[in-house]
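Asker: Okay, so here is structure06.cif, and as you'll see once you scroll down, it has mmCIF, C-alpha atoms.
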data_start
loop_
_atom_site.label_atom_id
_atom_site.label_comp_id
_atom_site.auth_asym_id
_atom_site.auth_seq_id
_atom_site.Cartn_x
_atom_site.Cartn_y
_atom_site.Cartn_z
CA MET A 1 -72.31 33.57 33.91
CA PRO A 2 -69.57 33.72 31.30
CA THR A 3 -66.29 32.23 32.23
CA PRO A 4 -63.58 34.85 32.70
CA PRO A 5 -60.91 34.73 30.08
CA GLY A 6 -57.79 32.94 31.10
CA PRO A 7 -54.26 34.17 30.66
CA PRO A 8 -53.03 34.42 27.11
CA ALA A 9 -51.32 31.30 25.81
CA ALA A 10 -47.58 31.55 25.93
CA ASP A 11 -45.49 30.41 23.06
CA THR A 12 -44.61 26.86 23.79
CA PRO A 13 -40.98 26.20 22.87
CA ALA A 14 -40.42 23.27 20.66
CA PRO A 15 -38.99 20.24 22.44
CA PRO A 16 -35.33 19.58 21.73
CA ALA A 17 -34.50 17.33 18.90
CA ARG A 18 -34.13 13.73 19.87
CA ALA A 19 -30.75 12.23 19.24
CA THR A 20 -31.31 9.68 16.54
CA ALA A 21 -28.97 8.00 14.14
CA ALA A 22 -28.00 10.23 11.26
CA SER A 23 -28.35 7.37 8.87
CA THR A 24 -29.88 3.94 8.86
CA GLU A 25 -26.72 2.63 7.26
CA THR A 26 -24.04 0.91 9.31
CA PRO A 27 -20.61 1.32 7.68
CA GLY A 28 -18.73 -1.88 7.18
CA PRO A 29 -15.22 -2.73 6.03
CA PRO A 30 -14.58 -2.63 2.28
CA ALA A 31 -15.25 -5.94 0.62
CA ASP A 32 -11.66 -6.36 -0.52
CA ARG A 33 -10.16 -5.61 2.92
CA ALA A 34 -12.37 -7.58 5.27
CA GLY A 35 -10.27 -10.12 7.12
CA ARG A 36 -7.06 -9.05 5.40
CA PHE A 37 -3.71 -8.81 7.13
CA ARG A 38 -3.00 -5.12 7.77
CA LEU A 39 0.13 -3.62 9.27
CA PRO A 40 -0.28 -1.08 12.09
CA ARG A 41 1.04 2.37 11.35
CA HIS A 42 4.27 2.09 13.35
CA ALA A 43 5.00 -1.40 12.00
CA ARG A 44 4.37 -0.19 8.45
CA ARG A 45 6.95 2.55 8.89
CA ILE A 46 9.52 0.11 10.24
CA TRP A 47 9.01 -2.27 7.33
CA LEU A 48 9.12 0.60 4.85
CA ILE A 49 12.40 1.92 6.24
CA ALA A 50 13.88 -1.58 6.14
CA HIS A 51 12.70 -2.14 2.56
CA VAL A 52 14.10 1.18 1.31
CA ALA A 53 17.44 0.62 3.07
CA LEU A 54 17.79 -2.92 1.75
CA SER A 55 16.79 -1.93 -1.78
CA VAL A 56 19.27 0.93 -1.87
CA GLY A 57 21.92 -1.38 -0.41
CA TRP A 58 21.21 -3.99 -3.08
CA LEU A 59 21.50 -1.32 -5.76
CA GLY A 60 24.86 -0.15 -4.39
CA LEU A 61 26.09 -3.71 -3.99
CA THR A 62 25.33 -4.48 -7.62
CA ALA A 63 27.07 -1.30 -8.74
CA GLY A 64 30.15 -2.37 -6.74
CA VAL A 65 30.11 -5.87 -8.28
CA LEU A 66 29.88 -4.28 -11.73
CA ALA A 67 32.82 -1.97 -11.03
CA LEU A 68 34.93 -4.93 -9.88
CA GLY A 69 33.91 -6.94 -12.93
CA ILE A 70 34.98 -4.13 -15.24
CA ALA A 71 38.30 -3.83 -13.40
CA GLY A 72 38.94 -7.56 -13.64
CA ARG A 73 38.01 -7.74 -17.30
CA PHE A 74 39.89 -4.72 -18.66
CA SER A 75 42.81 -4.17 -16.25
CA ASP A 76 46.32 -5.11 -17.38
CA ASP A 77 47.66 -5.43 -13.83
CA PRO A 78 47.48 -9.06 -12.64
CA GLU A 79 47.26 -7.98 -9.00
CA THR A 80 44.30 -5.73 -9.76
CA VAL A 81 42.56 -8.53 -11.65
CA LYS A 82 43.11 -10.96 -8.80
CA ALA A 83 41.96 -8.49 -6.15
CA ALA A 84 38.84 -7.60 -8.15
CA TYR A 85 37.56 -11.17 -8.46
CA LEU A 86 38.42 -12.04 -4.86
CA ALA A 87 36.52 -8.96 -3.68
CA GLN A 88 33.55 -10.00 -5.83
CA GLN A 89 33.55 -13.35 -4.05
CA ILE A 90 33.39 -11.63 -0.66
CA PHE A 91 30.42 -9.54 -1.78
CA ALA A 92 28.66 -12.60 -3.22
CA ASP A 93 29.16 -14.78 -0.14
CA TRP A 94 28.56 -12.25 2.61
CA LEU A 95 26.08 -9.73 1.23
CA LEU A 96 24.36 -10.82 -1.97
CA ILE A 97 22.11 -13.54 -0.58
CA PRO A 98 20.85 -11.84 2.63
CA VAL A 99 20.36 -8.42 1.03
CA SER A 100 18.46 -9.76 -1.99
CA LEU A 101 16.23 -12.09 0.03
CA LEU A 102 15.43 -9.49 2.70
CA SER A 103 14.65 -6.87 0.07
CA LEU A 104 12.21 -9.28 -1.58
CA LEU A 105 10.67 -10.27 1.76
CA THR A 106 10.09 -6.72 2.99
CA GLY A 107 8.52 -5.78 -0.34
CA VAL A 108 6.07 -8.69 -0.15
CA VAL A 109 5.13 -7.86 3.46
CA LEU A 110 4.49 -4.21 2.56
CA SER A 111 2.33 -5.14 -0.40
CA LEU A 112 0.24 -7.58 1.66
CA GLY A 113 -0.01 -5.36 4.73
CA THR A 114 -0.96 -2.06 3.07
CA SER A 115 -3.72 -0.83 0.79
CA TRP A 116 -1.54 -1.38 -2.30
CA GLY A 117 -2.17 -5.10 -2.13
CA PHE A 118 -0.28 -7.81 -3.97
CA HIS A 119 -2.27 -8.18 -7.20
CA ARG A 120 -4.19 -4.91 -7.28
CA TYR A 121 -1.77 -2.63 -9.15
CA ARG A 122 0.24 -3.39 -12.25
CA TRP A 123 3.38 -1.67 -11.03
CA VAL A 124 3.41 -3.80 -7.86
CA VAL A 125 3.06 -7.03 -9.84
CA THR A 126 5.75 -5.96 -12.33
CA LYS A 127 8.17 -4.95 -9.59
CA PHE A 128 7.63 -8.23 -7.75
CA TRP A 129 8.44 -10.39 -10.78
CA LEU A 130 11.47 -8.26 -11.67
CA THR A 131 12.78 -8.52 -8.11
CA LEU A 132 12.12 -12.25 -7.94
CA ALA A 133 13.91 -12.89 -11.25
CA ALA A 134 16.89 -10.76 -10.20
CA THR A 135 17.09 -12.52 -6.83
CA LEU A 136 17.09 -16.01 -8.32
CA ALA A 137 19.57 -15.05 -11.05
CA SER A 138 21.92 -13.44 -8.53
CA ILE A 139 21.87 -16.38 -6.11
CA PHE A 140 22.03 -19.29 -8.54
CA ALA A 141 23.82 -17.89 -11.60
CA LEU A 142 25.88 -14.82 -10.76
CA ARG A 143 27.47 -16.36 -7.66
CA ALA A 144 28.52 -19.41 -9.67
CA PHE A 145 30.45 -17.29 -12.17
CA ILE A 146 32.00 -15.22 -9.38
CA HIS A 147 33.23 -18.37 -7.63
CA ASP A 148 34.61 -19.69 -10.91
CA ALA A 149 36.62 -16.53 -11.60
CA ALA A 150 37.81 -16.19 -7.98
CA GLY A 151 38.90 -19.83 -7.88
CA GLN A 152 40.92 -19.44 -11.08
CA VAL A 153 42.77 -16.30 -9.99
CA ALA A 154 43.44 -17.82 -6.56
CA ALA A 155 45.04 -20.79 -8.34
CA GLY A 156 47.24 -18.49 -10.41
CA THR A 157 45.24 -18.27 -13.65
CA VAL A 158 45.20 -14.54 -14.32
CA PRO A 159 43.12 -13.49 -16.14
CA PRO A 160 40.63 -16.34 -15.66
CA ASP A 161 39.66 -18.47 -18.65
CA GLY A 162 36.20 -19.12 -20.01
CA ARG A 163 33.14 -16.89 -20.01
CA ALA A 164 33.41 -15.67 -16.45
CA PRO A 165 35.16 -12.33 -17.19
CA HIS A 166 32.53 -11.40 -19.79
CA VAL A 167 29.57 -12.62 -17.72
CA LEU A 168 30.75 -10.71 -14.66
CA VAL A 169 30.39 -7.47 -16.65
CA ILE A 170 27.17 -8.25 -18.50
CA ALA A 171 25.20 -9.82 -15.62
CA PRO A 172 25.70 -6.97 -13.10
CA SER A 173 24.83 -4.47 -15.85
CA VAL A 174 21.51 -6.22 -16.49
CA ALA A 175 20.84 -6.53 -12.75
CA LEU A 176 21.58 -2.86 -12.20
CA THR A 177 19.11 -1.95 -14.98
CA ILE A 178 16.45 -4.11 -13.33
CA TYR A 179 16.96 -2.47 -9.94
CA LEU A 180 16.82 1.01 -11.42
CA THR A 181 13.58 0.06 -13.21
CA ALA A 182 12.11 -1.21 -9.94
CA THR A 183 13.10 2.04 -8.24
CA ILE A 184 11.38 4.09 -10.96
CA LEU A 185 8.24 1.95 -10.63
CA SER A 186 8.16 2.56 -6.88
CA VAL A 187 8.32 6.32 -7.38
CA VAL A 188 6.13 6.80 -10.48
CA LYS A 189 3.58 3.98 -9.83
CA PRO A 190 2.31 3.80 -13.44
CA TRP A 191 -0.34 1.79 -15.34
CA GLY A 192 -3.18 1.83 -12.83
CA MET A 193 -4.99 -1.21 -11.45
CA THR A 194 -5.11 -4.78 -12.64
CA ARG A 195 -8.37 -6.50 -13.54
CA ARG A 196 -8.43 -8.12 -10.13
CA GLY A 197 -7.80 -4.78 -8.48
CA THR A 198 -10.63 -3.18 -10.48
CA ARG A 199 -13.06 -5.90 -9.38
CA LEU A 200 -11.99 -5.56 -5.75
CA ALA A 201 -12.35 -1.78 -5.86
CA ALA A 202 -15.86 -2.10 -7.33
CA ALA A 203 -16.80 -4.61 -4.63
CA ALA A 204 -15.42 -2.25 -1.98
CA ARG A 205 -17.52 0.66 -3.25
CA ALA A 206 -20.63 -1.53 -3.36
CA GLY A 207 -20.08 -2.90 0.14
CA ARG A 208 -18.76 0.24 1.84
CA THR A 209 -22.03 0.54 3.81
CA ARG A 210 -24.28 -2.26 4.96
CA PRO A 211 -28.04 -1.69 5.44
CA SER A 212 -29.32 -2.38 8.96
CA GLY A 213 -32.92 -2.61 10.13
CA GLY A 214 -34.92 -0.36 7.83
CA GLY A 215 -31.95 0.77 5.82
CA SER A 216 -32.15 1.57 2.15
CA PRO A 217 -31.41 -1.54 0.08
CA THR A 218 -29.56 0.51 -2.51
CA GLY A 219 -26.66 1.24 -0.16
CA THR A 220 -27.35 5.00 0.09
CA ALA A 221 -28.48 6.74 3.24
CA ALA A 222 -32.16 7.67 3.34
CA LYS A 223 -32.62 11.42 3.75
CA PRO A 224 -35.13 12.39 6.48
CA ALA A 225 -37.84 14.77 5.34
CA THR A 226 -37.72 18.33 6.65
CA THR A 227 -40.91 20.15 7.73
CA PRO A 228 -41.78 23.84 7.92
CA SER A 229 -42.15 23.54 11.69
CA ALA A 230 -38.61 22.24 11.98
CA LYS A 231 -37.32 25.17 9.98
CA SER A 232 -39.34 27.71 11.97
CA THR A 233 -37.87 26.56 15.25
CA GLY A 234 -34.36 27.22 14.00
CA THR A 235 -33.35 23.58 13.96
CA GLY A 236 -30.60 23.60 11.33
CA THR A 237 -29.60 20.62 9.25
CA ALA A 238 -26.08 19.60 8.36
CA THR A 239 -24.25 16.59 7.11
CA GLY A 240 -24.29 13.88 9.74
CA ALA A 241 -26.79 15.76 11.97
CA THR A 242 -30.32 14.64 12.84
CA VAL A 243 -33.48 16.41 11.66
CA GLU A 244 -36.59 16.89 13.73
CA THR A 245 -39.88 15.61 12.35
CA ALA A 246 -43.21 17.39 12.47
CA ALA A 247 -44.27 15.29 15.46
CA ASP A 248 -41.27 16.54 17.43
CA THR A 249 -41.67 20.26 16.70
CA THR A 250 -45.48 20.69 16.60
CA PRO A 251 -47.19 21.01 20.04
CA ASP A 252 -49.75 18.43 20.94
CA THR A 253 -53.32 19.33 19.77
CA ASP A 254 -54.92 18.66 23.16
CA THR A 255 -52.28 20.74 24.94
CA ALA A 256 -52.82 23.68 22.62
CA ALA A 257 -56.58 23.50 23.02
CA ALA A 258 -56.26 23.50 26.80
CA GLN A 259 -54.10 26.63 26.67
CA ARG A 260 -56.54 28.65 24.52
CA PRO A 261 -58.75 31.11 26.50
CA GLY A 262 -62.22 29.89 27.22
CA ARG A 263 -65.31 31.53 25.78
#
Spit out the file's structure as structure tokens when you get a sec.

Answerer:
Amino acid sequence: MPTPPGPPAADTPAPPARATAASTETPGPPADRAGRFRLPRHARRIWLIAHVALSVGWLGLTAGVLALGIAGRFSDDPETVKAAYLAQQIFADWLLIPVSLLSLLTGVVLSLGTSWGFHRYRWVVTKFWLTLAATLASIFALRAFIHDAAGQVAAGTVPPDGRAPHVLVIAPSVALTIYLTATILSVVKPWGMTRRGTRLAAAARAGRTRPSGGGSPTGTAAKPATTPSAKSTGTGTATGATVETAADTTPDTDTAAAQRPGR
């Protein structure tokens, strides 16, 4: 006796896609930043504000020293000459050393604690050496001439003898030019990367992802193959999303055979 036909086979919905890793690559830190000292965001802002304030203060201080030097060199009033060099001494003793050193320190901390680095960009290296030279010249040379001129006018020698009156006009002018150049470098950021910076950037691109397990040795993510069955079930693909394989979307052969009507 023939077996009665069974109910028609219903469309078996494809099982949901299994959550798998989108890529076999595990991202790692760039090669040039691994283990480096990095400032947190709020700390970076504090250091940046301090550096800008100190740099602008140093620029204004140098402009004031230059104005006093011009007044002492070209004024015909002995009282004005005396007051100018004594005021220069106050600036040199109370403000010049702390402002210059703190401006240099904050700049170094920002370069080491941010992505700019210390030897990666030419403008950073140039600005550092300009600032260092200006700091040393201001502390060890400019202050000596200021003390010489102030000591002479305090003793009654007005105008002071020697090279001090000329130096106290020329030296602040050169220093002011250096600070303006450093300010322009900070804004424009010219010349690109140094050789060291280029090597570090290349190493960072090469080591941006690290292969894990069965990862691709070339450092690129292996693309999973799509199948017609995956497309027919409406399983879309997108960047960073997983893709179903044929084994996930195709019903089992034994299950399908059991659901077909008997003959």

Asker: Find the residues near Leu68 (chain A): any atom within 8 Å, counting all atoms listed in the file, skip ones fewer than 4 places away on the same chain, and give them as a ChimeraX atom specification.

Answerer: /A:64,72,84-85,87-88

Asker: May I have the selected residues written with C-alpha atoms, as an mmCIF file, in the frame of the given file?

Answerer:
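Result went into part_21.cif, see below:
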data_model
loop_
_atom_site.group_PDB
_atom_site.id
_atom_site.type_symbol
_atom_site.label_atom_id
_atom_site.label_comp_id
_atom_site.auth_asym_id
_atom_site.auth_seq_id
_atom_site.Cartn_x
_atom_site.Cartn_y
_atom_site.Cartn_z
ATOM 1 C CA GLY A 64 30.150 -2.370 -6.740
ATOM 2 C CA GLY A 72 38.940 -7.560 -13.640
ATOM 3 C CA ALA A 84 38.840 -7.600 -8.150
ATOM 4 C CA TYR A 85 37.560 -11.170 -8.460
ATOM 5 C CA ALA A 87 36.520 -8.960 -3.680
ATOM 6 C CA GLN A 88 33.550 -10.000 -5.830
#

Asker: Determine, counting all atoms listed in the file, which protein, DNA and RNA residues have an atom within 9 Å of an atom of region 174-191 of chain A; residues of the same chain fewer than 3 positions away are not included. Present the result as a PyMOL selection string.

Answerer: chain A and resi 55-56+58-60+62-63+66+121-124+126-128+130-131+134+137-138+169-171+194

Asker: Please compute the CA of Ala141 (chain A)-CA of Ala53 (chain A) distance, one decimal, in Å.

Answerer: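 Going from CA of Ala141 (chain A) over to CA of Ala53 (chain A), I get 24.5 Å.
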
Asker: Rank A:Val52, A:Ala67, A:Ala204, A:Ala83 by their smallest atom-to-atom distance to Val99 (chain A), using all atoms listed in the file, and report the top residue only.

Answerer: A:Val52

Asker: Identify which of the residues A:Ile46, A:Leu86, A:Leu54, A:Leu168 lies closest to Val153 (chain A), counting all atoms listed in the file when measuring atom-to-atom distances.

Answerer: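 For Val153 (chain A), the nearest of the candidates is A:Leu86.
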
Asker: Taking (8.4, 0.6, 6.9) in the coordinates of the supplied file, I want to know which residues reach to within 12 Å of it, counting only C-alpha atoms; could you give the answer as a PyMOL selection string?

Answerer: chain A and resi 39-54+103+106-111+113-114

Asker: I need the output of the PyMOL selection byres ((chain A and resi 161) around 12) for this file as a PyMOL selection string; which residues are they?

Answerer: chain A and resi 73+145+148-153+155-160+162-167

Asker: Grab the CA of Pro172 (chain A) to CA of Ile70 (chain A) distance for me, in Å with one decimal place.

Answerer: 9.9 Å

Asker: Counting only C-alpha atoms, figure out which residue out of A:Gly57, A:Asp77, A:His119, A:Phe37 gets nearest to Arg195 (chain A).

Answerer: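 Ranking A:Gly57, A:Asp77, A:His119, A:Phe37 by distance to Arg195 (chain A), first place goes to A:His119.
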
Asker: Of the candidates A:Val65, A:Arg120, A:Gln89, A:Leu102, which one gets nearest to Thr198 (chain A) if we count all atoms listed in the file?

Answerer: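 The shortest atom-to-atom distance to Thr198 (chain A) comes from A:Arg120.
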
Asker: What is the distance between CA of Ser75 (chain A) and CA of Ile90 (chain A), in Å to one decimal?

Answerer: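 Here the two named atoms are 19.7 Å from each other.
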
Asker: Only N, CA and C atoms, as a PDB file, in the first residue's frame: that is what I want for region 192-211 of chain A.

Answerer:
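Output file decode.pdb is given in full below:
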ATOM      1  N   GLY A 192      57.738  69.408   6.907  1.00  0.00           N
ATOM      2  CA  GLY A 192      57.450  67.983   6.984  1.00  0.00           C
ATOM      3  C   GLY A 192      58.250  67.246   8.044  1.00  0.00           C
ATOM      4  N   MET A 193      58.441  65.940   7.823  1.00  0.00           N
ATOM      5  CA  MET A 193      59.046  65.066   8.821  1.00  0.00           C
ATOM      6  C   MET A 193      60.547  64.940   8.600  1.00  0.00           C
ATOM      7  N   THR A 194      61.238  64.620   9.683  1.00  0.00           N
ATOM      8  CA  THR A 194      62.654  64.307   9.607  1.00  0.00           C
ATOM      9  C   THR A 194      62.834  62.877   9.097  1.00  0.00           C
ATOM     10  N   ARG A 195      64.095  62.495   8.878  1.00  0.00           N
ATOM     11  CA  ARG A 195      64.343  61.107   8.451  1.00  0.00           C
ATOM     12  C   ARG A 195      63.908  60.121   9.526  1.00  0.00           C
ATOM     13  N   ARG A 196      64.191  60.466  10.762  1.00  0.00           N
ATOM     14  CA  ARG A 196      63.757  59.596  11.859  1.00  0.00           C
ATOM     15  C   ARG A 196      62.243  59.505  11.904  1.00  0.00           C
ATOM     16  N   GLY A 197      61.570  60.640  11.746  1.00  0.00           N
ATOM     17  CA  GLY A 197      60.119  60.624  11.748  1.00  0.00           C
ATOM     18  C   GLY A 197      59.541  59.814  10.609  1.00  0.00           C
ATOM     19  N   THR A 198      60.183  59.864   9.427  1.00  0.00           N
ATOM     20  CA  THR A 198      59.713  59.079   8.291  1.00  0.00           C
ATOM     21  C   THR A 198      59.853  57.594   8.569  1.00  0.00           C
ATOM     22  N   ARG A 199      60.979  57.193   9.164  1.00  0.00           N
ATOM     23  CA  ARG A 199      61.165  55.773   9.506  1.00  0.00           C
ATOM     24  C   ARG A 199      60.144  55.313  10.545  1.00  0.00           C
ATOM     25  N   LEU A 200      59.901  56.157  11.555  1.00  0.00           N
ATOM     26  CA  LEU A 200      58.928  55.779  12.580  1.00  0.00           C
ATOM     27  C   LEU A 200      57.520  55.688  12.016  1.00  0.00           C
ATOM     28  N   ALA A 201      57.171  56.602  11.107  1.00  0.00           N
ATOM     29  CA  ALA A 201      55.845  56.543  10.491  1.00  0.00           C
ATOM     30  C   ALA A 201      55.689  55.289   9.650  1.00  0.00           C
ATOM     31  N   ALA A 202      56.742  54.899   8.902  1.00  0.00           N
ATOM     32  CA  ALA A 202      56.681  53.675   8.111  1.00  0.00           C
ATOM     33  C   ALA A 202      56.550  52.452   9.009  1.00  0.00           C
ATOM     34  N   ALA A 203      57.281  52.436  10.115  1.00  0.00           N
ATOM     35  CA  ALA A 203      57.160  51.319  11.054  1.00  0.00           C
ATOM     36  C   ALA A 203      55.781  51.269  11.688  1.00  0.00           C
ATOM     37  N   ALA A 204      55.171  52.441  11.928  1.00  0.00           N
ATOM     38  CA  ALA A 204      53.830  52.467  12.504  1.00  0.00           C
ATOM     39  C   ALA A 204      52.810  51.918  11.530  1.00  0.00           C
ATOM     40  N   ARG A 205      52.936  52.273  10.242  1.00  0.00           N
ATOM     41  CA  ARG A 205      51.994  51.735   9.249  1.00  0.00           C
ATOM     42  C   ARG A 205      52.158  50.235   9.101  1.00  0.00           C
ATOM     43  N   ALA A 206      53.402  49.751   9.147  1.00  0.00           N
ATOM     44  CA  ALA A 206      53.628  48.308   8.998  1.00  0.00           C
ATOM     45  C   ALA A 206      53.141  47.528  10.202  1.00  0.00           C
ATOM     46  N   GLY A 207      53.230  48.119  11.401  1.00  0.00           N
ATOM     47  CA  GLY A 207      52.835  47.398  12.603  1.00  0.00           C
ATOM     48  C   GLY A 207      51.520  47.835  13.184  1.00  0.00           C
ATOM     49  N   ARG A 208      50.664  48.506  12.376  1.00  0.00           N
ATOM     50  CA  ARG A 208      49.394  48.989  12.908  1.00  0.00           C
ATOM     51  C   ARG A 208      48.487  47.849  13.318  1.00  0.00           C
ATOM     52  N   THR A 209      48.572  46.693  12.604  1.00  0.00           N
ATOM     53  CA  THR A 209      47.807  45.508  12.977  1.00  0.00           C
ATOM     54  C   THR A 209      48.762  44.352  13.127  1.00  0.00           C
ATOM     55  N   ARG A 210      48.473  43.496  14.101  1.00  0.00           N
ATOM     56  CA  ARG A 210      49.301  42.324  14.347  1.00  0.00           C
ATOM     57  C   ARG A 210      48.502  41.076  14.042  1.00  0.00           C
ATOM     58  N   PRO A 211      49.027  40.147  13.230  1.00  0.00           N
ATOM     59  CA  PRO A 211      48.285  38.915  12.936  1.00  0.00           C
ATOM     60  C   PRO A 211      48.172  38.037  14.165  1.00  0.00           C
TER      61      PRO A 211
END
